[in-house]
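Source file data-v2.pdb; content: PDB, C-alpha atoms and all ligand atoms.
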```pdb
MODEL        1
ATOM      1  CA  MET A   1      -1.049 -25.992 -20.559
ATOM      2  CA  PHE A   2       1.460 -23.090 -20.437
ATOM      3  CA  GLU A   3       5.158 -23.865 -20.542
ATOM      4  CA  LEU A   4       7.382 -22.530 -17.765
ATOM      5  CA  HIS A   5       9.168 -19.975 -19.957
ATOM      6  CA  THR A   6       5.788 -18.587 -21.132
ATOM      7  CA  ILE A   7       4.693 -18.153 -17.501
ATOM      8  CA  ILE A   8       8.008 -16.454 -16.657
ATOM      9  CA  LEU A   9       7.620 -14.145 -19.668
ATOM     10  CA  ILE A  10       4.034 -13.224 -18.728
ATOM     11  CA  CYS A  11       5.047 -12.583 -15.083
ATOM     12  CA  GLY A  12       7.969 -10.431 -16.270
ATOM     13  CA  LEU A  13       5.710  -8.378 -18.539
ATOM     14  CA  LEU A  14       3.117  -7.945 -15.770
ATOM     15  CA  LEU A  15       5.853  -6.799 -13.373
ATOM     16  CA  LEU A  16       7.210  -4.318 -15.900
ATOM     17  CA  ALA A  17       3.696  -3.010 -16.605
ATOM     18  CA  ALA A  18       3.124  -2.590 -12.861
ATOM     19  CA  MET A  19       6.429  -0.699 -12.472
ATOM     20  CA  VAL A  20       5.463   1.680 -15.272
ATOM     21  CA  ILE A  21       1.723   2.088 -14.682
ATOM     22  CA  LEU A  22       1.147   1.881 -10.887
ATOM     23  CA  PRO A  23       3.284   4.958 -10.032
ATOM     24  CA  VAL A  24       0.902   7.061 -12.149
ATOM     25  CA  PHE A  25      -1.610   6.772  -9.318
ATOM     26  CA  PHE A  26       0.952   7.975  -6.730
ATOM     27  CA  GLY A  27       2.465  10.949  -8.552
ATOM     28  CA  ALA A  28       4.207  10.205 -11.847
ATOM     29  CA  PRO A  29       4.810   7.366 -14.306
ATOM     30  CA  TRP A  30       8.227   5.772 -14.748
ATOM     31  CA  HIS A  31      10.191   6.880 -17.780
ATOM     32  CA  PRO A  32      13.895   5.926 -17.762
ATOM     33  CA  LEU A  33      16.120   8.602 -19.327
ATOM     34  CA  LEU A  34      18.877   8.256 -21.922
ATOM     35  CA  PRO A  35      22.436   8.722 -20.555
ATOM     36  CA  GLY A  36      22.897  11.883 -22.671
ATOM     37  CA  THR A  37      19.728  13.402 -21.192
ATOM     38  CA  ILE A  38      20.898  12.647 -17.638
ATOM     39  CA  ARG A  39      24.231  14.400 -18.316
ATOM     40  CA  ARG A  40      22.408  17.366 -19.889
ATOM     41  CA  ILE A  41      20.119  17.695 -16.849
ATOM     42  CA  LEU A  42      23.056  17.601 -14.421
ATOM     43  CA  ARG A  43      25.092  20.144 -16.413
ATOM     44  CA  PHE A  44      22.028  22.386 -16.501
ATOM     45  CA  THR A  45      21.773  22.323 -12.669
ATOM     46  CA  GLU A  46      25.429  23.534 -12.481
ATOM     47  CA  LEU A  47      25.955  20.899  -9.798
ATOM     48  CA  ARG A  48      29.177  21.388  -7.809
ATOM     49  CA  PRO A  49      31.268  18.784  -5.916
ATOM     50  CA  GLY A  50      30.024  18.208  -2.364
ATOM     51  CA  GLU A  51      26.558  19.633  -3.010
ATOM     52  CA  THR A  52      23.503  17.606  -2.044
ATOM     53  CA  PHE A  53      21.410  16.602  -5.034
ATOM     54  CA  CYS A  54      17.886  15.400  -4.248
ATOM     55  CA  ASP A  55      15.618  13.525  -6.679
ATOM     56  CA  LEU A  56      11.949  13.186  -5.659
ATOM     57  CA  GLY A  57      10.691  10.008  -7.338
ATOM     58  CA  CYS A  58      14.173   8.783  -8.236
ATOM     59  CA  GLY A  59      13.131   5.674 -10.183
ATOM     60  CA  GLU A  60      16.051   3.332 -10.769
ATOM     61  CA  GLY A  61      18.438   6.017  -9.450
ATOM     62  CA  ARG A  62      20.535   6.653 -12.550
ATOM     63  CA  VAL A  63      20.350  10.447 -12.199
ATOM     64  CA  LEU A  64      21.512  10.138  -8.569
ATOM     65  CA  ILE A  65      24.331   7.795  -9.575
ATOM     66  CA  ALA A  66      25.540  10.147 -12.322
ATOM     67  CA  ALA A  67      25.368  13.094  -9.884
ATOM     68  CA  ALA A  68      27.622  11.207  -7.456
ATOM     69  CA  LYS A  69      29.918   9.598 -10.008
ATOM     70  CA  GLU A  70      30.410  12.360 -12.561
ATOM     71  CA  PHE A  71      29.830  15.482 -10.436
ATOM     72  CA  SER A  72      31.091  14.266  -7.009
ATOM     73  CA  ALA A  73      27.808  15.253  -5.365
ATOM     74  CA  ASN A  74      26.058  13.643  -2.410
ATOM     75  CA  ALA A  75      22.894  12.216  -3.887
ATOM     76  CA  ILE A  76      19.684  11.381  -2.113
ATOM     77  CA  GLY A  77      16.436  10.141  -3.590
ATOM     78  CA  VAL A  78      13.047   8.826  -2.578
ATOM     79  CA  GLU A  79      11.048   6.273  -4.528
ATOM     80  CA  ILE A  80       7.697   4.665  -3.823
ATOM     81  CA  ASP A  81       8.239   1.465  -5.799
ATOM     82  CA  PRO A  82      10.258  -1.061  -3.725
ATOM     83  CA  LEU A  83      11.571  -2.839  -6.829
ATOM     84  CA  LYS A  84      13.036   0.362  -8.226
ATOM     85  CA  VAL A  85      14.528   1.101  -4.796
ATOM     86  CA  LEU A  86      16.297  -2.283  -4.826
ATOM     87  CA  LEU A  87      17.453  -1.714  -8.397
ATOM     88  CA  ALA A  88      18.732   1.792  -7.586
ATOM     89  CA  ARG A  89      20.688   0.576  -4.544
ATOM     90  CA  GLN A  90      22.178  -2.284  -6.556
ATOM     91  CA  LEU A  91      23.156   0.042  -9.426
ATOM     92  CA  ALA A  92      24.767   2.452  -6.945
ATOM     93  CA  ARG A  93      26.815  -0.458  -5.505
ATOM     94  CA  MET A  94      27.810  -1.653  -8.986
ATOM     95  CA  ASN A  95      28.947   1.877  -9.862
ATOM     96  CA  GLY A  96      30.967   2.152  -6.645
ATOM     97  CA  VAL A  97      29.030   5.183  -5.337
ATOM     98  CA  ASP A  98      26.827   3.577  -2.671
ATOM     99  CA  ASP A  99      28.647   5.663  -0.022
ATOM    100  CA  ARG A 100      27.382   8.862  -1.712
ATOM    101  CA  VAL A 101      23.983   7.720  -2.994
ATOM    102  CA  ARG A 102      21.136   7.204  -0.525
ATOM    103  CA  VAL A 103      17.856   5.818  -1.824
ATOM    104  CA  VAL A 104      14.913   5.927   0.563
ATOM    105  CA  ARG A 105      11.799   3.882   0.027
ATOM    106  CA  GLY A 106       8.881   6.229   0.676
ATOM    107  CA  ASN A 107       6.413   8.799  -0.501
ATOM    108  CA  LEU A 108       7.903  11.930  -2.042
ATOM    109  CA  PHE A 109       5.132  14.057  -0.534
ATOM    110  CA  ASP A 110       6.421  13.227   2.983
ATOM    111  CA  PHE A 111      10.128  13.438   2.209
ATOM    112  CA  ASP A 112      12.450  15.832   4.073
ATOM    113  CA  THR A 113      14.115  17.997   1.422
ATOM    114  CA  GLY A 114      15.785  20.344   3.912
ATOM    115  CA  SER A 115      19.353  19.294   3.042
ATOM    116  CA  ALA A 116      19.006  19.730  -0.748
ATOM    117  CA  ASP A 117      21.241  22.196  -2.593
ATOM    118  CA  VAL A 118      19.630  21.047  -5.827
ATOM    119  CA  LEU A 119      16.096  19.680  -5.923
ATOM    120  CA  TYR A 120      15.459  17.763  -9.132
ATOM    121  CA  LEU A 121      11.927  16.907 -10.255
ATOM    122  CA  TYR A 122      10.661  14.837 -13.136
ATOM    123  CA  LEU A 123       7.029  14.593 -12.148
ATOM    124  CA  THR A 124       3.665  15.586 -13.592
ATOM    125  CA  HIS A 125       1.992  18.993 -13.226
ATOM    126  CA  GLN A 126      -0.532  17.359 -10.895
ATOM    127  CA  ALA A 127       2.201  16.067  -8.572
ATOM    128  CA  MET A 128       4.006  19.415  -8.593
ATOM    129  CA  ASP A 129       0.778  21.272  -7.846
ATOM    130  CA  LYS A 130       0.463  19.050  -4.786
ATOM    131  CA  LEU A 131       4.063  19.762  -3.704
ATOM    132  CA  PHE A 132       4.075  23.529  -4.275
ATOM    133  CA  PRO A 133       3.959  26.001  -2.653
ATOM    134  CA  ASP A 134       4.186  24.179   0.726
ATOM    135  CA  ILE A 135       7.546  22.563  -0.079
ATOM    136  CA  LEU A 136       9.134  26.018  -0.499
ATOM    137  CA  LYS A 137       8.957  26.553   3.272
ATOM    138  CA  LYS A 138      11.012  23.393   3.856
ATOM    139  CA  LEU A 139      13.837  24.173   1.418
ATOM    140  CA  LYS A 140      17.129  26.020   1.925
ATOM    141  CA  PRO A 141      16.821  29.640   0.702
ATOM    142  CA  SER A 142      19.777  28.937  -1.614
ATOM    143  CA  VAL A 143      18.265  25.819  -3.210
ATOM    144  CA  ARG A 144      18.146  25.434  -6.980
ATOM    145  CA  ILE A 145      15.020  23.666  -8.194
ATOM    146  CA  VAL A 146      15.325  21.985 -11.564
ATOM    147  CA  SER A 147      12.322  20.494 -13.277
ATOM    148  CA  TYR A 148      12.476  18.342 -16.387
ATOM    149  CA  ARG A 149       9.692  18.639 -18.960
ATOM    150  CA  PHE A 150       7.182  20.318 -16.625
ATOM    151  CA  CYS A 151       7.581  23.938 -15.514
ATOM    152  CA  LEU A 152       6.380  25.053 -12.091
ATOM    153  CA  ARG A 153       3.054  26.772 -12.563
ATOM    154  CA  GLY A 154       2.993  30.292 -11.163
ATOM    155  CA  MET A 155       6.772  30.607 -10.749
ATOM    156  CA  THR A 156       9.122  32.357 -13.153
ATOM    157  CA  PRO A 157      12.178  30.265 -14.091
ATOM    158  CA  ASP A 158      15.620  31.873 -13.832
ATOM    159  CA  LYS A 159      16.918  29.690 -16.645
ATOM    160  CA  VAL A 160      15.238  27.655 -19.398
ATOM    161  CA  SER A 161      17.062  25.251 -21.721
ATOM    162  CA  GLU A 162      17.052  26.027 -25.437
ATOM    163  CA  ASP A 163      14.637  23.180 -26.169
ATOM    164  CA  LYS A 164      12.401  24.321 -23.279
ATOM    165  CA  THR A 165      12.525  20.973 -21.471
ATOM    166  CA  LEU A 166      14.528  22.124 -18.444
ATOM    167  CA  PHE A 167      13.538  24.844 -15.995
ATOM    168  CA  LEU A 168      15.708  26.179 -13.177
ATOM    169  CA  TYR A 169      14.338  28.178 -10.259
ATOM    170  CA  GLN A 170      16.729  29.887  -7.880
ATOM    171  CA  LEU A 171      14.784  30.497  -4.702
ATOM    172  CA  ASP A 172      14.753  33.866  -3.115
ATOM    173  CA  LYS A 173      12.710  33.288   0.012
ATOM    174  CA  GLY A 174      10.286  35.987   1.036
ATOM    175  CA  THR A 175       9.707  37.321  -2.460
ATOM    176  CA  LYS A 176       9.162  34.505  -4.948
ATOM    177  CA  ILE A 177       7.651  32.316  -2.263
ATOM    178  CA  ASN A 178       4.673  34.671  -2.234
ATOM    179  CA  THR A 179       4.269  34.902  -5.977
ATOM    180  CA  TYR A 180       3.125  31.317  -6.476
ATOM    181  CA  HIS A 181      -0.550  31.199  -7.504
TER     182      HIS A 181
HETATM  183  C1  LIG A 201       9.165  10.114 -14.490
HETATM  184  S1  LIG A 201       9.908   9.034 -13.305
HETATM  185  C2  LIG A 201      11.400   9.941 -12.943
HETATM  186  C3  LIG A 201      12.517   9.036 -12.460
HETATM  187  C4  LIG A 201      13.831   9.791 -12.176
HETATM  188  N1  LIG A 201      13.599  10.917 -11.305
HETATM  189  C5  LIG A 201      14.443  10.265 -13.470
HETATM  190  O1  LIG A 201      14.457  11.471 -13.741
HETATM  191  O2  LIG A 201      14.907   9.403 -14.226
HETATM  192  C6  LIG A 201       8.904   9.313 -11.850
HETATM  193  C7  LIG A 201       9.208   8.371 -10.701
HETATM  194  O3  LIG A 201       8.482   8.802  -9.545
HETATM  195  C8  LIG A 201       8.054   7.657  -8.816
HETATM  196  N2  LIG A 201       6.924   8.064  -8.002
HETATM  197  C9  LIG A 201       5.647   8.343  -8.406
HETATM  198  N3  LIG A 201       4.908   8.739  -7.370
HETATM  199  C10 LIG A 201       5.708   8.716  -6.269
HETATM  200  C11 LIG A 201       5.504   9.037  -4.894
HETATM  201  N4  LIG A 201       4.318   9.465  -4.446
HETATM  202  N5  LIG A 201       6.542   8.925  -4.040
HETATM  203  C12 LIG A 201       7.769   8.496  -4.491
HETATM  204  N6  LIG A 201       8.012   8.166  -5.775
HETATM  205  C13 LIG A 201       6.999   8.293  -6.666
HETATM  206  C14 LIG A 201       7.708   6.660  -9.916
HETATM  207  O4  LIG A 201       7.710   5.337  -9.401
HETATM  208  C15 LIG A 201       8.799   6.929 -10.932
HETATM  209  O5  LIG A 201       9.893   6.083 -10.705
ENDMDL
END
```
In C-alpha cells, how does this file's structure come out?
Ligand SMILES: C[S@@+](CC[C@H](N)C(=O)[O-])C[C@H]1O[C@@H](n2cnc3c(N)ncnc32)[C@H](O)[C@@H]1O
Amino acid sequence: MFELHTIILICGLLLLAAMVILPVFFGAPWHPLLPGTIRRILRFTELRPGETFCDLGCGEGRVLIAAAKEFSANAIGVEIDPLKVLLARQLARMNGVDDRVRVVRGNLFDFDTGSADVLYLYLTHQAMDKLFPDILKKLKPSVRIVSYRFCLRGMTPDKVSEDKTLFLYQLDKGTKINTYH
C-alpha cells in the first residue's frame, strides 16, 4: 500500500511535530534560533569566561554550545524531550565542548539553578509565572536573569534590548525579591 520511503517520511514528520508541539503542554514550544540571534543573546548577557550559564528548557543546546565555545563559559541546561537531549549532547561533542556543556534530561521546574551566574529563559509567560517568584530564593544573589521575548511580569528589567526582545534582571536579594506581584 504505502512505500517504505513514504512511511519513513510520515514517521519523520510525526516525530518533528511531536518535538515541536508536545513541549507546549510542559512549559514552552520548541523554536530553534538563528545563529545571529544566539550570539546577540549571549552578548546581551555580558557573559564572562568561567561563568556558569544555565538554560532552562535548552532544546537542542545550541545556546549552551555557543556559550561554551564562543564565550568560554561552563554551560548547563535541562530539557524535557529526550530526543533533544540526545541531539544537544551529540552537537556538544561535535563542537568539541562536551567537557563544558552538561545537558540534563528533566523538568525545568525541578532543576537546581543554584550554580548559575546567568540564568537564560526562552519560555512562555505561563511557564515563567510558574517559576517566579519561588525560583528567586534558589538563585545566587549576583545572578543575571536574561529572558528572550517574554519579560518577567512584576519585575523591572535593568536592561532592555533596543528591539525589546531581551530583558536582563540583575538580582538584588531582599529588595526586588519582594517586589514581584
Ligand atoms: C522556546 S524553546 C527554547 C530552546 C532554547 N532554550 C533556545 O533558546 O534555543 C523551549 C524549550 O523548552 C523545552 N521545555 C518545555 N517544557 C519543559 C519542561 N517542563 N522542562 C524542561 N524543558 C521543557 C521544550 O522542549 C523546548 O525545547
A:Leu83, A:Phe111, A:Ala66, A:Phe150 ranked by distance to Leu15 in chain A, top pick (using all atoms listed in the file): A:Leu83
Residues near Cys54 in chain A, cut-off 8 Å, all atoms listed in the file, skip fewer than 6 positions along chain, as JSON, numbers by chain: {"A": [64, 75, 76, 77, 113, 116, 117, 118, 119, 120]}
Neighbourhood of ligand LIG 201 (chain A) at 10 Å, counting all atoms listed in the file, reported as number ranges by chain: A: 18-35, 37-38, 41, 54-64, 77-85, 104-111, 120-124, 127, 147-149
Report as a PDB file with C-alpha atoms, keeping the file's coordinate frame the full result of the PyMOL selection byres (((chain A and resi 70) around 12) and not hetatm) when it is applied to this structure.
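File produced: result09.pdb:
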```
ATOM      1  CA  PRO A  35      22.436   8.722 -20.555  1.00  0.00           C
ATOM      2  CA  ILE A  38      20.898  12.647 -17.638  1.00  0.00           C
ATOM      3  CA  ARG A  39      24.231  14.400 -18.316  1.00  0.00           C
ATOM      4  CA  ARG A  40      22.408  17.366 -19.889  1.00  0.00           C
ATOM      5  CA  LEU A  42      23.056  17.601 -14.421  1.00  0.00           C
ATOM      6  CA  ARG A  43      25.092  20.144 -16.413  1.00  0.00           C
ATOM      7  CA  LEU A  47      25.955  20.899  -9.798  1.00  0.00           C
ATOM      8  CA  ARG A  48      29.177  21.388  -7.809  1.00  0.00           C
ATOM      9  CA  PRO A  49      31.268  18.784  -5.916  1.00  0.00           C
ATOM     10  CA  GLY A  50      30.024  18.208  -2.364  1.00  0.00           C
ATOM     11  CA  ARG A  62      20.535   6.653 -12.550  1.00  0.00           C
ATOM     12  CA  VAL A  63      20.350  10.447 -12.199  1.00  0.00           C
ATOM     13  CA  LEU A  64      21.512  10.138  -8.569  1.00  0.00           C
ATOM     14  CA  ILE A  65      24.331   7.795  -9.575  1.00  0.00           C
ATOM     15  CA  ALA A  66      25.540  10.147 -12.322  1.00  0.00           C
ATOM     16  CA  ALA A  67      25.368  13.094  -9.884  1.00  0.00           C
ATOM     17  CA  ALA A  68      27.622  11.207  -7.456  1.00  0.00           C
ATOM     18  CA  LYS A  69      29.918   9.598 -10.008  1.00  0.00           C
ATOM     19  CA  PHE A  71      29.830  15.482 -10.436  1.00  0.00           C
ATOM     20  CA  SER A  72      31.091  14.266  -7.009  1.00  0.00           C
ATOM     21  CA  ALA A  73      27.808  15.253  -5.365  1.00  0.00           C
ATOM     22  CA  ASN A  74      26.058  13.643  -2.410  1.00  0.00           C
ATOM     23  CA  ALA A  75      22.894  12.216  -3.887  1.00  0.00           C
ATOM     24  CA  ASN A  95      28.947   1.877  -9.862  1.00  0.00           C
ATOM     25  CA  GLY A  96      30.967   2.152  -6.645  1.00  0.00           C
ATOM     26  CA  VAL A  97      29.030   5.183  -5.337  1.00  0.00           C
ATOM     27  CA  ARG A 100      27.382   8.862  -1.712  1.00  0.00           C
TER      28      ARG A 100
END
```
Between CA of Gln170 in chain A and CA of Val103 in chain A, distance in Å (one decimal): 24.8 Å
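Compared by their closest atoms to Arg144 in chain A, and using only C-alpha atoms, the residues A:Phe53, A:Arg89, A:Tyr169, A:Pro157 rank with A:Tyr169 nearest.
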Distance criterion (all atoms listed in the file): nearest to Thr165 in chain A out of A:Phe44, A:Lys137, A:Phe132, A:Leu87: A:Phe44
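Our summary of the geometry notes that CA of Asp134 in chain A is positioned 25.9 Å from CA of Ser161 in chain A.
Considering all atoms listed in the file, the residue among A:Leu4, A:Val160, A:Leu139, A:Cys11 positioned nearest to Gly114 in chain A is A:Leu139.
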Between CA of Leu171 in chain A and CA of Pro141 in chain A, distance in Å (one decimal): 5.8 Å
Return as JSON the box centre and box size in Å, one decimal, for an axis-aligned box around all listed atoms of range 36-50 of chain A padded by 8 Å per side.
```
{"center_x": 25.5, "center_y": 17.7, "center_z": -12.5, "size_x": 27.5, "size_y": 27.7, "size_z": 36.3}
```
